[in-house]
Each structure stands twice: as C-alpha cells, then as structure tokens.
file work.txt (compact mmCIF, C-alpha atoms)
# COMPACT_ATOMS: atom_id res chain seq x y z
CA MET A 1 0.00 0.00 0.00
CA ALA A 2 1.32 3.40 -0.89
CA PRO A 3 2.62 5.79 1.77
CA GLY A 4 -0.04 8.11 2.97
CA ALA A 5 -2.83 5.72 2.07
CA THR A 6 -4.59 3.57 4.57
CA GLU A 7 -7.30 0.97 4.52
CA PRO A 8 -10.27 1.56 2.26
CA GLY A 9 -12.35 4.37 3.59
CA ALA A 10 -9.60 5.75 5.85
CA THR A 11 -7.87 9.08 5.48
CA GLY A 12 -4.13 8.99 4.87
CA ASP A 13 -1.38 11.40 5.84
CA GLU A 14 -1.53 13.16 2.48
CA GLY A 15 -5.24 13.80 2.74
CA THR A 16 -6.20 10.94 0.49
CA VAL A 17 -8.48 8.02 1.00
CA VAL A 18 -8.14 4.53 -0.42
CA ARG A 19 -11.59 4.11 -1.86
CA ASN A 20 -11.08 0.68 -3.45
CA ASN A 21 -8.43 -1.92 -2.69
CA ALA A 22 -6.16 -3.47 -5.31
CA ALA A 23 -8.26 -6.60 -5.80
CA THR A 24 -11.36 -4.52 -6.50
CA ARG A 25 -9.47 -2.32 -8.90
CA TRP A 26 -8.07 -5.32 -10.79
CA PHE A 27 -11.54 -6.85 -10.99
CA HIS A 28 -12.89 -3.57 -12.33
CA ALA A 29 -10.03 -3.28 -14.85
CA ALA A 30 -10.55 -6.82 -16.13
CA THR A 31 -14.28 -6.28 -16.45
CA VAL A 32 -13.74 -2.99 -18.29
CA ALA A 33 -11.21 -4.49 -20.70
CA VAL A 34 -13.33 -7.50 -21.60
CA THR A 35 -16.53 -5.48 -21.77
CA ALA A 36 -14.85 -2.97 -24.08
CA VAL A 37 -13.92 -5.76 -26.50
CA LEU A 38 -17.43 -7.18 -26.29
CA LEU A 39 -19.12 -3.84 -26.90
CA ALA A 40 -16.75 -2.97 -29.73
CA THR A 41 -17.18 -6.27 -31.57
CA GLY A 42 -20.87 -6.47 -30.68
CA TRP A 43 -21.65 -3.06 -32.08
CA TRP A 44 -19.44 -3.77 -35.10
CA LEU A 45 -21.55 -6.83 -35.86
CA ARG A 46 -24.77 -4.95 -35.08
CA ALA A 47 -23.74 -2.32 -37.62
CA GLY A 48 -23.74 -5.02 -40.29
CA ARG A 49 -19.97 -5.15 -40.57
CA GLU A 50 -19.69 -8.90 -40.16
CA GLY A 51 -17.41 -10.32 -42.81
CA ARG A 52 -15.30 -7.17 -42.74
CA PRO A 53 -12.89 -7.69 -39.83
CA SER A 54 -12.62 -4.92 -37.25
CA LEU A 55 -9.25 -3.71 -36.01
CA ILE A 56 -9.58 -6.02 -33.01
CA ALA A 57 -10.34 -8.97 -35.27
CA ARG A 58 -7.36 -8.17 -37.47
CA VAL A 59 -5.04 -7.89 -34.48
CA LEU A 60 -6.29 -11.19 -33.07
CA ASP A 61 -6.46 -12.79 -36.54
CA ALA A 62 -9.95 -14.15 -35.97
CA PRO A 63 -13.43 -13.24 -37.19
CA ASP A 64 -15.35 -10.74 -35.06
CA THR A 65 -17.94 -13.38 -34.27
CA GLU A 66 -15.25 -15.62 -32.76
CA VAL A 67 -13.61 -12.74 -30.87
CA HIS A 68 -17.00 -11.82 -29.46
CA ARG A 69 -17.72 -15.40 -28.45
CA TRP A 70 -14.40 -15.91 -26.67
CA ALA A 71 -14.51 -12.52 -25.00
CA GLY A 72 -17.95 -13.49 -23.73
CA TRP A 73 -16.55 -16.61 -22.09
CA LEU A 74 -13.75 -14.51 -20.65
CA LEU A 75 -16.33 -12.19 -19.11
CA VAL A 76 -18.05 -15.21 -17.57
CA ALA A 77 -14.71 -16.26 -16.09
CA VAL A 78 -13.95 -12.78 -14.74
CA LEU A 79 -17.37 -12.44 -13.15
CA ALA A 80 -17.23 -15.96 -11.73
CA ALA A 81 -13.81 -15.25 -10.24
CA GLY A 82 -15.12 -12.02 -8.79
CA VAL A 83 -17.98 -13.63 -6.90
CA THR A 84 -15.97 -16.65 -5.74
CA LEU A 85 -12.45 -15.42 -5.02
CA GLY A 86 -13.89 -12.12 -3.88
CA VAL A 87 -16.91 -13.47 -2.09
CA ARG A 88 -16.51 -11.11 0.88
CA ALA A 89 -16.27 -8.10 -1.40
CA ALA A 90 -19.20 -9.39 -3.43
CA TRP A 91 -21.26 -9.70 -0.28
CA THR A 92 -20.30 -6.20 0.81
CA PHE A 93 -21.16 -4.92 -2.65
CA ALA A 94 -24.59 -6.56 -2.50
CA ARG A 95 -25.30 -5.40 1.05
CA GLU A 96 -24.23 -1.82 0.38
CA THR A 97 -26.06 -1.73 -2.96
CA LEU A 98 -29.35 -2.97 -1.54
CA ARG A 99 -29.39 -0.78 1.55
CA VAL A 100 -32.06 1.86 1.88
CA ASP A 101 -31.70 4.70 4.36
CA ARG A 102 -33.78 7.63 5.45
CA GLY A 103 -32.69 10.62 3.44
CA ASP A 104 -32.08 8.74 0.20
CA ALA A 105 -35.08 10.42 -1.43
CA ARG A 106 -33.73 13.82 -0.39
CA TRP A 107 -30.38 12.89 -1.94
CA PHE A 108 -32.11 12.17 -5.26
CA LEU A 109 -34.07 15.43 -5.10
CA ARG A 110 -30.88 17.39 -4.62
CA TRP A 111 -28.83 15.35 -7.07
CA PRO A 112 -29.12 17.72 -10.08
CA ALA A 113 -27.80 20.62 -8.02
CA GLY A 114 -25.22 18.40 -6.38
CA ALA A 115 -23.91 17.15 -9.72
CA LEU A 116 -23.33 20.73 -10.78
CA THR A 117 -22.11 22.25 -7.53
CA GLY A 118 -20.78 19.34 -5.49
CA ARG A 119 -23.22 20.10 -2.68
CA PHE A 120 -24.93 16.74 -2.45
CA ALA A 121 -27.37 15.86 0.29
CA ARG A 122 -25.95 13.60 2.94
CA HIS A 123 -26.36 9.86 2.61
CA GLU A 124 -25.12 6.85 4.49
CA GLY A 125 -23.16 3.86 3.27
CA HIS A 126 -20.39 3.07 0.82
CA PHE A 127 -22.37 3.99 -2.28
CA ASP A 128 -24.51 7.04 -2.82
CA PRO A 129 -28.15 6.27 -3.74
CA GLY A 130 -27.47 6.97 -7.41
CA GLN A 131 -24.60 4.49 -7.41
CA ARG A 132 -26.84 1.92 -5.80
CA LEU A 133 -29.37 2.27 -8.60
CA ALA A 134 -26.59 2.11 -11.18
CA ASN A 135 -25.18 -1.00 -9.50
CA VAL A 136 -28.56 -2.72 -9.69
CA ALA A 137 -28.89 -1.77 -13.35
CA PHE A 138 -25.34 -2.87 -14.18
CA VAL A 139 -25.77 -6.24 -12.45
CA GLY A 140 -29.11 -6.79 -14.17
CA ALA A 141 -27.72 -5.85 -17.58
CA PHE A 142 -24.59 -7.96 -17.17
CA ALA A 143 -26.60 -10.93 -15.93
CA THR A 144 -28.93 -10.67 -18.91
CA VAL A 145 -26.20 -10.35 -21.54
CA VAL A 146 -24.25 -13.20 -19.97
CA VAL A 147 -27.20 -15.58 -19.65
CA SER A 148 -28.54 -14.80 -23.12
CA GLY A 149 -25.02 -14.95 -24.53
CA VAL A 150 -24.38 -18.37 -23.01
CA ALA A 151 -27.76 -19.50 -24.33
CA LEU A 152 -26.76 -18.32 -27.81
CA THR A 153 -23.63 -20.46 -27.70
CA THR A 154 -25.72 -23.56 -27.03
CA LEU A 155 -28.07 -22.94 -29.95
CA SER A 156 -27.38 -22.65 -33.65
CA GLY A 157 -30.77 -21.40 -34.79
CA GLY A 158 -34.50 -21.58 -34.33
CA SER A 159 -37.07 -19.53 -32.46
CA THR A 160 -35.36 -19.64 -29.05
CA PHE A 161 -32.14 -18.48 -30.71
CA ALA A 162 -34.05 -15.59 -32.30
CA THR A 163 -35.56 -14.67 -28.92
CA MET A 164 -32.16 -14.80 -27.24
CA VAL A 165 -30.69 -12.54 -29.93
CA ARG A 166 -33.37 -9.97 -29.16
CA VAL A 167 -32.84 -10.30 -25.40
CA HIS A 168 -29.07 -10.05 -25.87
CA ARG A 169 -29.41 -6.94 -28.02
CA GLY A 170 -31.88 -5.28 -25.67
CA ALA A 171 -29.61 -5.88 -22.69
CA THR A 172 -26.66 -4.59 -24.71
CA TYR A 173 -28.49 -1.35 -25.44
CA VAL A 174 -29.15 -0.92 -21.72
CA LEU A 175 -25.57 -1.83 -20.83
CA THR A 176 -24.21 0.61 -23.40
CA ALA A 177 -26.36 3.42 -21.99
CA LEU A 178 -25.14 2.58 -18.50
CA VAL A 179 -21.51 2.56 -19.61
CA VAL A 180 -21.94 5.93 -21.30
CA GLY A 181 -23.57 7.37 -18.17
CA HIS A 182 -20.81 5.89 -16.03
CA LEU A 183 -18.15 7.44 -18.26
CA VAL A 184 -19.86 10.83 -18.11
CA VAL A 185 -19.81 10.71 -14.31
CA VAL A 186 -16.24 9.52 -13.90
CA SER A 187 -14.94 11.86 -16.57
CA GLY A 188 -15.61 14.78 -14.27
CA ALA A 189 -17.78 16.51 -16.87
CA LEU A 190 -20.22 17.07 -14.01
CA PRO A 191 -18.39 19.35 -11.56
CA GLY A 192 -19.72 17.53 -8.54
CA TYR A 193 -17.92 14.36 -9.57
CA ARG A 194 -14.52 15.86 -10.33
CA GLY A 195 -11.70 13.66 -9.12
CA VAL A 196 -13.90 10.64 -8.60
CA TRP A 197 -12.10 8.67 -11.33
CA ARG A 198 -9.14 8.25 -9.00
CA ALA A 199 -11.24 5.90 -6.87
CA MET A 200 -10.85 3.06 -9.35
CA LEU A 201 -7.76 3.94 -11.38
CA GLY A 202 -4.12 4.06 -10.37
CA ARG A 203 -3.78 3.43 -6.65
CA GLY A 204 -7.45 3.91 -5.95
CA ARG A 205 -6.96 6.96 -3.79
CA VAL A 206 -9.18 10.01 -3.89
CA ARG A 207 -8.72 13.25 -2.05
CA ALA A 208 -10.25 13.17 1.40
CA ARG A 209 -12.41 16.19 0.65
CA THR A 210 -13.69 14.49 -2.51
CA ALA A 211 -14.58 11.42 -0.48
CA ARG A 212 -16.32 13.52 2.17
CA ARG A 213 -18.26 15.35 -0.51
CA LEU A 214 -19.45 12.22 -2.29
CA TRP A 215 -19.63 9.64 0.49
CA PRO A 216 -19.97 11.59 3.73
CA GLY A 217 -21.40 8.67 5.69
CA ASN A 218 -18.85 6.11 4.60
CA ARG A 219 -16.78 4.85 7.51
CA MET B 1 -30.78 -10.80 -6.08
CA VAL B 2 -31.02 -8.95 -9.36
CA ALA B 3 -28.89 -11.56 -11.06
CA THR B 4 -31.08 -14.32 -9.66
CA ALA B 5 -34.24 -12.61 -10.87
CA SER B 6 -32.71 -12.08 -14.28
CA LEU B 7 -31.64 -15.71 -14.52
CA ALA B 8 -35.09 -16.87 -13.48
CA ALA B 9 -36.79 -14.65 -16.06
CA LEU B 10 -34.54 -15.88 -18.82
CA ALA B 11 -35.05 -19.47 -17.78
CA LEU B 12 -38.77 -18.90 -18.13
CA VAL B 13 -38.30 -17.36 -21.56
CA LEU B 14 -36.13 -20.28 -22.63
CA ALA B 15 -38.62 -22.78 -21.30
CA ALA B 16 -41.53 -21.05 -23.00
CA CYS B 17 -39.78 -20.75 -26.33
CA GLY B 18 -38.45 -24.26 -26.13
CA ASP B 19 -41.97 -25.53 -26.58
CA ASP B 20 -41.79 -24.66 -30.25
CA GLY B 21 -39.58 -27.63 -30.80
CA ASP B 22 -37.81 -26.09 -33.76
CA ASP B 23 -34.61 -25.03 -32.11
CA ALA B 24 -31.22 -26.32 -33.07
CA THR B 25 -28.49 -26.91 -30.54
CA THR B 26 -24.90 -26.22 -31.39
CA ALA B 27 -24.09 -29.88 -30.91
CA GLY B 28 -26.52 -30.75 -33.64
CA ALA B 29 -25.97 -27.69 -35.74
CA ALA B 30 -25.91 -29.47 -39.04
CA ASP B 31 -28.69 -31.82 -38.17
CA ALA B 32 -31.41 -29.62 -36.79
CA GLY B 33 -33.05 -26.25 -37.02
CA GLY B 34 -34.12 -26.50 -40.57
CA GLY B 35 -33.43 -30.00 -41.70
CA GLY B 36 -29.65 -30.14 -41.65
CA ASP B 37 -29.45 -33.43 -43.47
CA GLU B 38 -31.40 -32.04 -46.42
CA LEU B 39 -29.47 -28.79 -46.61
CA SER B 40 -28.15 -28.06 -50.05
CA ILE B 41 -27.13 -25.00 -51.97
CA ASP B 42 -26.71 -24.31 -55.64
CA LEU B 43 -24.94 -21.27 -56.99
CA VAL B 44 -27.31 -20.45 -59.83
CA GLN B 45 -25.53 -17.29 -60.86
CA PRO B 46 -22.79 -16.73 -61.80
CA ALA B 47 -22.20 -20.04 -63.45
CA ASP B 48 -18.85 -21.75 -63.34
CA GLY B 49 -16.54 -20.04 -65.81
CA ASP B 50 -18.61 -16.89 -66.18
CA GLU B 51 -16.95 -13.57 -66.85
CA VAL B 52 -18.30 -10.93 -64.49
CA GLY B 53 -17.88 -7.23 -63.87
CA ASP B 54 -16.39 -5.36 -60.91
CA THR B 55 -19.72 -5.86 -59.20
CA PHE B 56 -21.82 -8.85 -59.99
CA ASP B 57 -25.01 -10.51 -58.86
CA VAL B 58 -25.07 -13.81 -57.07
CA GLU B 59 -28.15 -15.98 -56.98
CA VAL B 60 -28.35 -18.98 -54.71
CA ASP B 61 -30.92 -21.73 -54.55
CA THR B 62 -31.23 -23.30 -51.11
CA GLY B 63 -33.73 -25.73 -49.76
CA VAL B 64 -34.35 -23.59 -46.68
CA GLU B 65 -35.67 -20.15 -45.93
CA LEU B 66 -32.93 -17.60 -45.34
CA GLY B 67 -32.93 -14.65 -42.98
CA GLU B 68 -30.84 -12.48 -40.66
CA PRO B 69 -29.51 -14.07 -37.45
CA ASP B 70 -32.23 -12.52 -35.30
CA THR B 71 -34.79 -14.57 -37.21
CA GLY B 72 -33.10 -17.80 -36.19
CA LEU B 73 -32.97 -18.84 -39.86
CA HIS B 74 -30.00 -19.92 -41.90
CA HIS B 75 -28.07 -17.53 -44.09
CA VAL B 76 -25.29 -17.88 -46.63
CA HIS B 77 -21.63 -16.90 -46.37
CA LEU B 78 -19.82 -16.07 -49.60
CA TYR B 79 -16.09 -16.72 -49.49
CA TYR B 80 -13.63 -15.72 -52.15
CA ASP B 81 -10.51 -17.49 -53.34
CA GLY B 82 -10.68 -20.12 -50.64
CA GLU B 83 -10.14 -17.69 -47.79
CA THR B 84 -12.58 -19.07 -45.27
CA ALA B 85 -10.65 -18.50 -42.06
CA ASP B 86 -9.77 -14.81 -42.02
CA GLY B 87 -13.21 -13.40 -41.37
CA GLU B 88 -13.53 -11.80 -44.81
CA TYR B 89 -16.83 -12.83 -46.37
CA ASP B 90 -20.19 -11.54 -47.52
CA LEU B 91 -23.54 -12.42 -46.00
CA VAL B 92 -26.59 -13.37 -48.02
CA TYR B 93 -29.97 -13.26 -46.34
CA GLY B 94 -32.05 -13.89 -49.45
CA SER B 95 -31.77 -15.61 -52.79
CA THR B 96 -29.83 -12.80 -54.44
CA PHE B 97 -26.88 -10.64 -53.48
CA THR B 98 -24.68 -8.13 -55.25
CA VAL B 99 -20.95 -8.62 -54.72
CA GLU B 100 -19.24 -5.25 -54.44
CA ARG B 101 -15.88 -6.36 -53.14
CA ASP B 102 -12.79 -5.37 -55.04
CA LEU B 103 -11.63 -8.81 -56.05
CA GLY B 104 -9.36 -7.49 -58.74
CA ALA B 105 -9.28 -8.50 -62.38
CA GLY B 106 -8.64 -12.15 -63.09
CA GLU B 107 -9.85 -15.53 -62.03
CA HIS B 108 -11.48 -15.98 -58.62
CA THR B 109 -13.40 -18.68 -56.83
CA VAL B 110 -16.71 -17.90 -55.16
CA GLU B 111 -17.85 -20.35 -52.52
CA ALA B 112 -21.34 -20.21 -51.05
CA VAL B 113 -21.83 -21.98 -47.73
CA ILE B 114 -25.05 -22.26 -45.76
CA ALA B 115 -24.44 -21.01 -42.20
CA ASN B 116 -26.59 -21.51 -39.15
CA ALA B 117 -27.99 -18.43 -37.45
CA ASP B 118 -25.03 -18.51 -35.03
CA HIS B 119 -22.66 -18.36 -38.04
CA SER B 120 -21.41 -21.90 -37.62
CA LEU B 121 -21.04 -23.43 -41.06
CA THR B 122 -22.91 -26.40 -42.41
CA ASP B 123 -21.61 -28.85 -44.97
CA ALA B 124 -23.90 -27.45 -47.66
CA ARG B 125 -21.69 -25.56 -50.08
CA ASP B 126 -21.17 -24.86 -53.74
CA GLU B 127 -18.29 -23.23 -55.55
CA VAL B 128 -17.77 -21.65 -58.92
CA THR B 129 -14.84 -20.03 -60.65
CA VAL B 130 -15.41 -16.68 -62.32
CA THR B 131 -13.23 -14.24 -64.16
CA VAL B 132 -13.51 -10.62 -63.17
CA GLY B 133 -12.96 -8.49 -66.19
CA ASP B 134 -12.26 -4.79 -66.57
CA GLY B 135 -15.55 -3.04 -67.02
CA ALA B 136 -17.38 -6.13 -68.19
CA ALA B 137 -21.13 -6.17 -67.86
CA PRO B 138 -22.28 -8.02 -64.74
CA ALA B 139 -23.24 -11.60 -65.26
CA GLY B 140 -26.96 -11.90 -65.80
CA ASP B 141 -27.22 -8.36 -67.12
CA ASP B 142 -30.29 -8.28 -69.37
CA THR B 143 -28.57 -6.01 -71.87
CA ASP B 144 -26.36 -8.87 -72.95
CA ASP B 145 -28.74 -11.17 -74.78
CA SER B 146 -25.99 -13.35 -76.13
CA GLN B 147 -25.22 -14.76 -72.70
CA ASP B 148 -27.83 -16.64 -70.76
CA ASP B 149 -27.68 -17.47 -67.07
CA SER B 150 -27.00 -21.13 -67.46
CA GLY B 151 -24.43 -21.06 -70.17
CA GLY B 152 -21.77 -18.47 -69.60
CA TYR B 153 -18.44 -18.91 -71.23
CA ASP B 154 -16.53 -22.11 -71.43
CA TYR B 155 -12.81 -21.86 -70.99

call {"tool": "encode", "arguments": {"input": "work.txt", "output": "structure tokens"}}
result
Amino acid sequence: MAPGATEPGATGDEGTVVRNNAATRWFHAATVAVTAVLLATGWWLRAGREGRPSLIARVLDAPDTEVHRWAGWLLVAVLAAGVTLGVRAAWTFARETLRVDRGDARWFLRWPAGALTGRFARHEGHFDPGQRLANVAFVGAFATVVVSGVALTTLSGGSTFATMVRVHRGATYVLTALVVGHLVVVSGALPGYRGVWRAMLGRGRVRARTARRLWPGNR
Amino acid sequence: MVATASLAALALVLAACGDDGDDATTAGAADAGGGGDELSIDLVQPADGDEVGDTFDVEVDTGVELGEPDTGLHHVHLYYDGETADGEYDLVYGSTFTVERDLGAGEHTVEAVIANADHSLTDARDEVTVTVGDGAAPAGDDTDDSQDDSGGYDY
C-alpha cells in the first residue's frame, strides 16, 4: 500500500483516502477491458460489418464473431472469479447496494444541483443512492447479456435463438447506456464528480475532501 | 438478487420458447433447425466459368428459408478465393446478393456456404470459378442477350 494511504475508507497522511483496494481495482479493470472488447465487436456486428474484420479482429487474426464469443466466455470467467475469489467483497457490494436509508429520497431530489455544484445531500453507506441504482442496473444488464449470450452459444438457430438474440441486443443497449452514463460521471464533466475517477484507477486513492463530498457517511 | 431474478426470467423465456420444438443446438448444428441433413445450396448465378464485372449478382438456390440471425434462420456466407478463415466474407440473407468487393481482375473462386444463425457453417456448399474483367457487364445483365444465365463462357 502506498505511503499516505490507509485501509479503504480511511484518510491517509496526504489527505487521500483509499476508496477501493487493489483486488477490486483489478476486478474492475478486467471487467472494463473484456466489456470494451465485447461492446466494440458487438456493435461492429450490429452495424452489419460482419465479414469485414474490425481492427480487433485483425489484431487477433480471428473473425469478429469468434472474438465476441471468446470474449464473452472470458467475461463469464472474470465475473465468476469475482464472486468466488472475492466473495466477501461481493457480499459487501450486495449489502451496500441494496441498503435503503432515510434521506435517500432527499439525496435524489438534490442530485441535479449536487452534480453541478458538489453540494450533495448527505447519505449513508459506501455507495450514494445513485450508485446503488446504477449498481442494480449494471448487475441486471450484465446478468442478462451473460445468460442470453451463453444461451446463444448452445443454440445454432430456431425460435429460441431468435428470442435470445433480441434479449441479448436489448440488454446490450441498456448496458451501453449505463456505460456511457458511467463514463460521463467519472470523466468529471459534471463538476460535482470531479476527481472521482481516482477511486478506481491508479492506486485507488481520492482526495479526502472528494470522499467527504461524495460519500460523507462512509466509515 | 437482481442476477437471480434475471436468470429466473430468462429461464422462463427459454422454457416457454423451447416448446416450439424447432430449435437447433450447437451440438446438432448441421442436423437440426431447418433439416440439416437435407441442406443443399446451388450457386445459380454466376455459373462456373462466367466472366463478371467489378460488381456482380449472385443468386443462390437453397432448400431452406434464409434470414438475418435474429430470425433464427440460416443464411449464406460467400467466401472468395478459398479464404474461409480470415473473417472476410459476404452475408446473403435472401436468394440474391450483389458482390461489391474489389476482387481485382482475373480468375477468382466464389464459394457459397449455408451457415446456421449462429454463423457456424454447415456442410452445404457450392463453388464456382469466375473471371472478373475490366468493365465487363455483370453476369446476368439483361442487356447482354448473347449470354444466358445457365451457359456463360466455357474456358
């Protein structure tokens, strides 16, 4: 652990807080990398470009359909590893995502102003109420694309295949919208979220005042 | 919890759709989902030995209905010059297709293969050899009455 940083949620000597530990950050990085390949090849195929290899397909010397299929299995492996090797973190994630506290509604009401000014309403827990909703949506979208994707690998055609394609696409649209929203937030385009990207990149440390602004009740 | 609910919902969808009894599993890709054993394809146009233009029409005759992957139906992959492994091919969702690839002047092979909806290939395939000329009229062009679809040129 870097000098000045302490356990997740604690303030270090340099006024920073380790928001996420290394294992969480690696899990996030692996998920991002594999999901990026899946979205890139998936949208390439959706755009009717099958048969015209994408840059990723050329680099890997395999058709986009095969790259997409193997990346899908890799995502299954990453997610499976996350919930087994990181079972304690997964449990914490679930518990903190599903919590409901008094004042959450007020947080949502003040969110637009908070996103622009940084003056969010207070909330309790590791995630703010907006993150909790996003977490639920992300888990639902990932679960749907994974289950429908696995189903597609067991079928070669027919009506169930056609249904799974539609389910897979629908979930992909939702997942893409969530990823875009996530990127907007972490990019700092909204002033209230400036500096938040440091929570998951690099050493996972954010400034203490950023942490207090976004997660005032996190202990 | 969300994941469990999602899995349960999809299981229900799978179970409901499975009642149709017309789905093909990957294990039996060539044998199900449209009568794999009877699958056959005939490249009607261009004929073997035809001279074609930079762009040319392809007509295939298959024993099954074709459609895009989200229909669950078969479709056809067109491969050129035997390159079936590099991901470069055209997709045919109906009986006709216009090839617009720059194959270059000279002799080329065109192979049509029936693919399952998941893009796995069946054994049903047909191949012809064509010669792409410089500025030649596309094969099957009605303006060229001296050349019918079945004859073409013999080399």

call {"tool": "interface_residues", "arguments": {"input": "work.txt", "of": "chain A", "to": "chain B", "cutoff": "6 Å", "atoms": "only C-alpha atoms", "output": "list in words"}}
result
Gly51, Arg52, Pro53, Pro63, Gly140, Ala143, Thr154, Leu155, Ser156, Gly157, Gly158, Ser159, Thr160, Phe161, Ala162 and Val165 of chain A

call {"tool": "atom_distance", "arguments": {"input": "work.txt", "atom1": "CA of Asp57 in chain B", "atom2": "CA of Tyr93 in chain B"}}
result
13.7 Å

call {"tool": "atom_distance", "arguments": {"input": "work.txt", "atom1": "CA of Phe27 in chain A", "atom2": "CA of Ala81 in chain A"}}
result
8.7 Å

call {"tool": "residues_around", "arguments": {"input": "work.txt", "residues": "range 64-77 of chain A", "least_positions_apart": "6", "cutoff": "10 Å", "atoms": "all atoms listed in the file", "output": "PyMOL selection string"}}
result
(chain A and resi 30-42+44-45+49-58+142-143+145-147+149-150+152-153) or (chain B and resi 86-88+118-120)

call {"tool": "atom_distance", "arguments": {"input": "work.txt", "atom1": "CA of Ala80 in chain A", "atom2": "CA of Gly181 in chain A"}}
result
25.0 Å

call {"tool": "closest_residue", "arguments": {"input": "work.txt", "among": "A:Ala121, A:Val139, A:Ala105, A:Ala199", "to": "Leu79 in chain A", "atoms": "all atoms listed in the file"}}
result
A:Val139

call {"tool": "residues_around", "arguments": {"input": "work.txt", "residues": "Asp101 in chain A", "least_positions_apart": "6", "cutoff": "10 Å", "atoms": "only C-alpha atoms", "output": "mmCIF file with C-alpha atoms, in the coordinates of the input"}}
result
data_model
loop_
_atom_site.group_PDB
_atom_site.id
_atom_site.type_symbol
_atom_site.label_atom_id
_atom_site.label_comp_id
_atom_site.auth_asym_id
_atom_site.auth_seq_id
_atom_site.Cartn_x
_atom_site.Cartn_y
_atom_site.Cartn_z
ATOM 1 C CA HIS A 123 -26.360 9.860 2.610
ATOM 2 C CA GLU A 124 -25.120 6.850 4.490
ATOM 3 C CA GLY A 125 -23.160 3.860 3.270
ATOM 4 C CA PRO A 129 -28.150 6.270 -3.740
#

call {"tool": "axis_aligned_box", "arguments": {"input": "work.txt", "around": "range 166-170 of chain A", "padding_each_side": "4 Å", "output": "AutoDock Vina command-line options"}}
result
--center_x -31.2 --center_y -7.8 --center_z -27.3 --size_x 12.3 --size_y 13.0 --size_z 11.8

call {"tool": "residues_around", "arguments": {"input": "work.txt", "residues": "Asp61 in chain B", "least_positions_apart": "2", "cutoff": "7 Å", "atoms": "only C-alpha atoms", "output": "list in words"}}
result
Ile41, Asp42, Leu43, Val44, Glu59, Gly63 and Ser95 of chain B

call {"tool": "residues_near_point", "arguments": {"input": "work.txt", "point": "(-16.5, -19.3, -54.8)", "cutoff": "10 Å", "atoms": "all atoms listed in the file", "output": "NGL selection string"}}
result
:B and (43 or 46 or 48 or 78-83 or 108-113 or 125-130)

call {"tool": "residues_around", "arguments": {"input": "work.txt", "residues": "Asn218 in chain A", "least_positions_apart": "4", "cutoff": "12 Å", "atoms": "all atoms listed in the file", "output": "list in words"}}
result
Pro8, Gly9, Ala10, Thr11, Val17, Val18, Arg19, Glu96, Arg122, His123, Glu124, Gly125, His126, Phe127, Asp128, Ala208, Ala211, Arg212, Arg213 and Leu214 of chain A

call {"tool": "decode", "arguments": {"input": "work.txt", "residues": "range 180-193 of chain A", "atoms": "N, CA and C atoms", "output": "compact mmCIF listing (two decimals), in the first residue's frame"}}
result
# COMPACT_ATOMS: atom_id res chain seq x y z
N VAL A 180 -22.09 4.53 -20.90
CA VAL A 180 -21.94 5.93 -21.30
C VAL A 180 -22.20 6.85 -20.10
N GLY A 181 -23.27 6.56 -19.36
CA GLY A 181 -23.57 7.37 -18.17
C GLY A 181 -22.45 7.29 -17.15
N HIS A 182 -21.92 6.09 -16.96
CA HIS A 182 -20.81 5.89 -16.03
C HIS A 182 -19.59 6.71 -16.46
N LEU A 183 -19.31 6.69 -17.76
CA LEU A 183 -18.15 7.44 -18.26
C LEU A 183 -18.35 8.94 -18.10
N VAL A 184 -19.59 9.40 -18.30
CA VAL A 184 -19.86 10.83 -18.11
C VAL A 184 -19.57 11.23 -16.66
N VAL A 185 -20.02 10.39 -15.73
CA VAL A 185 -19.81 10.71 -14.31
C VAL A 185 -18.33 10.70 -13.96
N VAL A 186 -17.64 9.62 -14.32
CA VAL A 186 -16.24 9.52 -13.90
C VAL A 186 -15.32 10.45 -14.67
N SER A 187 -15.79 10.95 -15.80
CA SER A 187 -14.94 11.86 -16.57
C SER A 187 -14.78 13.21 -15.87
N GLY A 188 -15.68 13.49 -14.94
CA GLY A 188 -15.61 14.78 -14.27
C GLY A 188 -16.31 15.88 -15.05
N ALA A 189 -17.04 15.51 -16.10
CA ALA A 189 -17.78 16.51 -16.87
C ALA A 189 -18.80 17.21 -15.98
N LEU A 190 -19.33 16.46 -15.01
CA LEU A 190 -20.22 17.07 -14.01
C LEU A 190 -19.33 17.53 -12.85
N PRO A 191 -19.33 18.83 -12.57
CA PRO A 191 -18.39 19.35 -11.56
C PRO A 191 -18.45 18.62 -10.22
N GLY A 192 -19.61 18.18 -9.84
CA GLY A 192 -19.72 17.53 -8.54
C GLY A 192 -18.95 16.23 -8.44
N TYR A 193 -18.61 15.66 -9.57
CA TYR A 193 -17.92 14.36 -9.57
C TYR A 193 -16.44 14.48 -9.95
